[in-house]
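Raw contents of data-v1.cif, mmCIF, N, CA and C atoms:
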data_coords
#
loop_
_atom_site.label_atom_id
_atom_site.label_comp_id
_atom_site.auth_asym_id
_atom_site.auth_seq_id
_atom_site.Cartn_x
_atom_site.Cartn_y
_atom_site.Cartn_z
N MET E 273 -31.16 45.23 -24.35
CA MET E 273 -29.99 45.95 -23.90
C MET E 273 -30.04 47.36 -24.46
N LYS E 274 -29.58 48.30 -23.66
CA LYS E 274 -29.54 49.70 -24.07
C LYS E 274 -28.53 49.89 -25.20
N LYS E 275 -28.87 50.71 -26.17
CA LYS E 275 -27.99 50.99 -27.30
C LYS E 275 -26.71 51.68 -26.82
N ILE E 276 -25.59 51.29 -27.39
CA ILE E 276 -24.31 51.90 -27.06
C ILE E 276 -24.21 53.24 -27.78
N THR E 277 -24.04 54.30 -27.02
CA THR E 277 -23.91 55.64 -27.59
C THR E 277 -22.70 56.34 -26.98
N PHE E 278 -22.24 57.36 -27.66
CA PHE E 278 -21.09 58.13 -27.21
C PHE E 278 -21.46 59.60 -27.18
N PRO E 279 -20.89 60.35 -26.24
CA PRO E 279 -21.10 61.81 -26.27
C PRO E 279 -20.57 62.38 -27.59
N LYS E 280 -21.10 63.52 -27.98
CA LYS E 280 -20.77 64.14 -29.27
C LYS E 280 -19.27 64.27 -29.49
N GLU E 281 -18.55 64.79 -28.48
CA GLU E 281 -17.11 65.01 -28.62
C GLU E 281 -16.36 63.69 -28.76
N GLU E 282 -16.78 62.70 -27.99
CA GLU E 282 -16.12 61.39 -28.06
C GLU E 282 -16.37 60.72 -29.41
N LYS E 283 -17.61 60.84 -29.89
CA LYS E 283 -17.94 60.26 -31.20
C LYS E 283 -17.10 60.92 -32.29
N ALA E 284 -16.94 62.23 -32.22
CA ALA E 284 -16.13 62.95 -33.21
C ALA E 284 -14.68 62.48 -33.17
N ALA E 285 -14.16 62.24 -31.96
CA ALA E 285 -12.78 61.77 -31.83
C ALA E 285 -12.63 60.36 -32.40
N ILE E 286 -13.61 59.50 -32.16
CA ILE E 286 -13.56 58.13 -32.69
C ILE E 286 -13.65 58.15 -34.21
N VAL E 287 -14.54 58.97 -34.73
CA VAL E 287 -14.68 59.08 -36.18
C VAL E 287 -13.36 59.56 -36.79
N ALA E 288 -12.72 60.52 -36.17
CA ALA E 288 -11.43 61.02 -36.67
C ALA E 288 -10.38 59.91 -36.64
N ARG E 289 -10.40 59.08 -35.61
CA ARG E 289 -9.45 57.97 -35.53
C ARG E 289 -9.72 56.94 -36.62
N LEU E 290 -11.00 56.68 -36.91
CA LEU E 290 -11.34 55.76 -38.01
C LEU E 290 -10.83 56.33 -39.33
N GLN E 291 -11.04 57.61 -39.55
CA GLN E 291 -10.57 58.23 -40.78
C GLN E 291 -9.05 58.15 -40.89
N GLN E 292 -8.37 58.38 -39.78
CA GLN E 292 -6.91 58.29 -39.78
C GLN E 292 -6.44 56.87 -40.05
N TYR E 293 -7.14 55.90 -39.46
CA TYR E 293 -6.79 54.49 -39.69
C TYR E 293 -6.92 54.14 -41.17
N PHE E 294 -8.03 54.53 -41.77
CA PHE E 294 -8.22 54.25 -43.20
C PHE E 294 -7.12 54.89 -44.03
N SER E 295 -6.75 56.09 -43.67
CA SER E 295 -5.70 56.80 -44.41
C SER E 295 -4.34 56.13 -44.23
N ASP E 296 -3.98 55.82 -42.98
CA ASP E 296 -2.66 55.28 -42.68
C ASP E 296 -2.50 53.82 -43.10
N GLU E 297 -3.47 53.01 -42.79
CA GLU E 297 -3.33 51.57 -42.98
C GLU E 297 -3.87 51.06 -44.31
N LEU E 298 -4.88 51.72 -44.83
CA LEU E 298 -5.53 51.23 -46.06
C LEU E 298 -5.30 52.14 -47.25
N ASP E 299 -4.60 53.25 -47.03
CA ASP E 299 -4.36 54.24 -48.10
C ASP E 299 -5.66 54.64 -48.79
N GLN E 300 -6.71 54.80 -47.99
CA GLN E 300 -8.00 55.21 -48.52
C GLN E 300 -8.54 56.37 -47.68
N THR E 301 -9.31 57.20 -48.33
CA THR E 301 -9.96 58.30 -47.64
C THR E 301 -11.40 57.90 -47.37
N ILE E 302 -11.84 58.14 -46.16
CA ILE E 302 -13.24 57.87 -45.81
C ILE E 302 -13.81 59.16 -45.23
N GLY E 303 -14.98 59.52 -45.71
CA GLY E 303 -15.63 60.75 -45.26
C GLY E 303 -16.18 60.61 -43.85
N THR E 304 -16.62 61.73 -43.32
CA THR E 304 -17.15 61.75 -41.96
C THR E 304 -18.42 60.90 -41.84
N LEU E 305 -19.34 61.05 -42.78
CA LEU E 305 -20.60 60.30 -42.69
C LEU E 305 -20.38 58.78 -42.80
N PRO E 306 -19.59 58.31 -43.79
CA PRO E 306 -19.31 56.87 -43.82
C PRO E 306 -18.61 56.37 -42.54
N ALA E 307 -17.72 57.19 -41.99
CA ALA E 307 -17.03 56.80 -40.76
C ALA E 307 -18.03 56.72 -39.60
N GLU E 308 -18.99 57.63 -39.56
CA GLU E 308 -20.03 57.58 -38.52
C GLU E 308 -20.89 56.33 -38.69
N PHE E 309 -21.23 55.99 -39.93
CA PHE E 309 -22.00 54.76 -40.18
C PHE E 309 -21.22 53.53 -39.75
N LEU E 310 -19.92 53.53 -40.02
CA LEU E 310 -19.07 52.41 -39.62
C LEU E 310 -19.03 52.30 -38.10
N LEU E 311 -18.89 53.43 -37.41
CA LEU E 311 -18.89 53.43 -35.95
C LEU E 311 -20.22 52.91 -35.42
N ASP E 312 -21.33 53.35 -36.01
CA ASP E 312 -22.64 52.87 -35.59
C ASP E 312 -22.76 51.35 -35.79
N PHE E 313 -22.22 50.87 -36.91
CA PHE E 313 -22.24 49.42 -37.16
C PHE E 313 -21.45 48.68 -36.08
N PHE E 314 -20.25 49.18 -35.80
CA PHE E 314 -19.43 48.53 -34.77
C PHE E 314 -20.14 48.56 -33.42
N ALA E 315 -20.71 49.70 -33.08
CA ALA E 315 -21.39 49.83 -31.78
C ALA E 315 -22.57 48.88 -31.68
N THR E 316 -23.29 48.70 -32.78
CA THR E 316 -24.49 47.86 -32.76
C THR E 316 -24.16 46.38 -32.88
N GLU E 317 -23.29 46.04 -33.80
CA GLU E 317 -23.04 44.63 -34.12
C GLU E 317 -21.88 44.01 -33.34
N ILE E 318 -20.85 44.78 -33.08
CA ILE E 318 -19.64 44.23 -32.45
C ILE E 318 -19.51 44.69 -31.00
N GLY E 319 -19.96 45.90 -30.72
CA GLY E 319 -19.86 46.47 -29.38
C GLY E 319 -20.37 45.57 -28.27
N PRO E 320 -21.54 44.92 -28.45
CA PRO E 320 -22.05 44.05 -27.38
C PRO E 320 -21.09 42.92 -27.01
N HIS E 321 -20.33 42.42 -27.97
CA HIS E 321 -19.37 41.36 -27.67
C HIS E 321 -18.27 41.87 -26.74
N PHE E 322 -17.77 43.08 -27.04
CA PHE E 322 -16.74 43.68 -26.17
C PHE E 322 -17.33 44.04 -24.80
N TYR E 323 -18.54 44.55 -24.82
CA TYR E 323 -19.23 44.92 -23.57
C TYR E 323 -19.40 43.68 -22.69
N ASN E 324 -19.89 42.60 -23.28
CA ASN E 324 -20.10 41.37 -22.52
C ASN E 324 -18.79 40.80 -21.99
N GLN E 325 -17.72 40.88 -22.78
CA GLN E 325 -16.42 40.42 -22.31
C GLN E 325 -15.95 41.28 -21.14
N GLY E 326 -16.20 42.56 -21.21
CA GLY E 326 -15.87 43.45 -20.10
C GLY E 326 -16.63 43.06 -18.84
N LEU E 327 -17.90 42.71 -19.00
CA LEU E 327 -18.68 42.26 -17.84
C LEU E 327 -18.12 40.96 -17.27
N ARG E 328 -17.75 40.03 -18.14
CA ARG E 328 -17.17 38.77 -17.66
C ARG E 328 -15.86 39.02 -16.93
N ASP E 329 -15.03 39.92 -17.46
CA ASP E 329 -13.77 40.26 -16.80
C ASP E 329 -14.02 40.91 -15.44
N ALA E 330 -14.99 41.81 -15.38
CA ALA E 330 -15.32 42.47 -14.11
C ALA E 330 -15.84 41.45 -13.11
N HIS E 331 -16.67 40.52 -13.57
CA HIS E 331 -17.20 39.48 -12.68
C HIS E 331 -16.07 38.61 -12.14
N ALA E 332 -15.14 38.22 -12.98
CA ALA E 332 -14.01 37.40 -12.54
C ALA E 332 -13.16 38.16 -11.52
N ALA E 333 -12.94 39.46 -11.75
CA ALA E 333 -12.17 40.26 -10.80
C ALA E 333 -12.89 40.36 -9.47
N LEU E 334 -14.21 40.55 -9.52
CA LEU E 334 -15.00 40.62 -8.29
C LEU E 334 -14.96 39.30 -7.53
N MET E 335 -15.09 38.20 -8.24
CA MET E 335 -15.06 36.89 -7.59
C MET E 335 -13.70 36.64 -6.94
N ALA E 336 -12.62 37.06 -7.58
CA ALA E 336 -11.29 36.90 -7.01
C ALA E 336 -11.17 37.71 -5.72
N LYS E 337 -11.71 38.93 -5.72
CA LYS E 337 -11.67 39.76 -4.51
C LYS E 337 -12.53 39.14 -3.41
N MET E 338 -13.68 38.57 -3.78
CA MET E 338 -14.55 37.93 -2.78
C MET E 338 -13.83 36.74 -2.15
N GLU E 339 -13.07 36.01 -2.95
CA GLU E 339 -12.29 34.90 -2.42
C GLU E 339 -11.23 35.41 -1.45
N ASP E 340 -10.59 36.53 -1.80
CA ASP E 340 -9.62 37.15 -0.90
C ASP E 340 -10.28 37.55 0.42
N PHE E 341 -11.49 38.10 0.35
CA PHE E 341 -12.21 38.48 1.57
C PHE E 341 -12.51 37.25 2.42
N GLY E 342 -12.92 36.18 1.75
CA GLY E 342 -13.21 34.94 2.48
C GLY E 342 -11.98 34.44 3.22
N GLU E 343 -10.85 34.48 2.57
CA GLU E 343 -9.61 34.05 3.21
C GLU E 343 -9.23 34.98 4.36
N ALA E 344 -9.42 36.28 4.19
CA ALA E 344 -9.12 37.24 5.25
C ALA E 344 -10.01 37.01 6.47
N ILE E 345 -11.26 36.70 6.24
CA ILE E 345 -12.17 36.41 7.35
C ILE E 345 -11.76 35.13 8.05
N TYR E 346 -11.37 34.13 7.28
CA TYR E 346 -10.94 32.86 7.86
C TYR E 346 -9.73 33.08 8.78
N VAL E 347 -8.80 33.93 8.36
CA VAL E 347 -7.61 34.22 9.15
C VAL E 347 -7.98 34.88 10.48
N LEU E 348 -9.06 35.64 10.49
CA LEU E 348 -9.49 36.34 11.70
C LEU E 348 -10.20 35.43 12.71
N GLU E 349 -10.65 34.27 12.26
CA GLU E 349 -11.37 33.38 13.17
C GLU E 349 -10.46 32.95 14.31
N ARG E 350 -11.07 32.75 15.46
CA ARG E 350 -10.32 32.32 16.65
C ARG E 350 -10.92 31.04 17.17
N GLU E 351 -10.07 30.23 17.70
CA GLU E 351 -10.56 29.00 18.29
C GLU E 351 -11.08 29.30 19.69
N ALA E 352 -12.12 28.57 20.06
CA ALA E 352 -12.64 28.70 21.42
C ALA E 352 -11.67 28.07 22.40
N GLU E 353 -11.61 28.63 23.59
CA GLU E 353 -10.73 28.08 24.62
C GLU E 353 -11.21 26.68 25.02
N LYS E 354 -10.26 25.79 25.20
CA LYS E 354 -10.59 24.44 25.64
C LYS E 354 -10.41 24.40 27.16
N ARG E 355 -11.34 23.80 27.85
CA ARG E 355 -11.25 23.73 29.30
C ARG E 355 -11.11 22.34 29.78
#
What does this structure look like when you write it as structure tokens?
Amino acid sequence: MKKITFPKEEKAAIVARLQQYFSDELDQTIGTLPAEFLLDFFATEIGPHFYNQGLRDAHAALMAKMEDFGEAIYVLEREAEKR
């Protein structure tokens, strides 16, 4: 599987959010480099679980739509004339 990466600006925003979380919730200060390492850890070790769940959710949504299409096609069917 391809490594999960973020554009520079997005990574900086995520790192800032991690730093804010540590400050607000844990009353601890975390530097930029440790926050980047933590983000890399999450992306490598935990990210695939979220990614796979997203794929399963997308698959379920697609299958539900396919079922709707099947029903719509069934409604369009016409009976042949009886003679």
For atom CA of E:Pro306 and atom CA of E:Pro320, quote the distance in Å rounded to one decimal. 21.0 Å
Pairwise distance for atom CA of E:Ala315 and atom CA of E:Ile276, rounded to one decimal in Å: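 Separation between atom CA of E:Ala315 and atom CA of E:Ile276: 5.9 Å.
Counting from atom C of E:Thr277, the distance to atom CA of E:Asp312 is 9.3 Å.
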Pull the alpha helix (DSSP H) assignments for stretch 287-353 of chain E out of DSSP run on the backbone, and list those residues as a ChimeraX atom specification. /E:287-298,304-313,319-348
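Checking E:Tyr293, E:Pro279, E:His321, E:Val287 one by one against E:Ala307, counting only C-alpha atoms, you find the shortest gap at E:Val287.
In terms of minimum interatomic distance to E:Ala285, E:Leu311 ranks closest within E:Leu311, E:Leu327, E:Leu334, E:Ile345, counting only C-alpha atoms.
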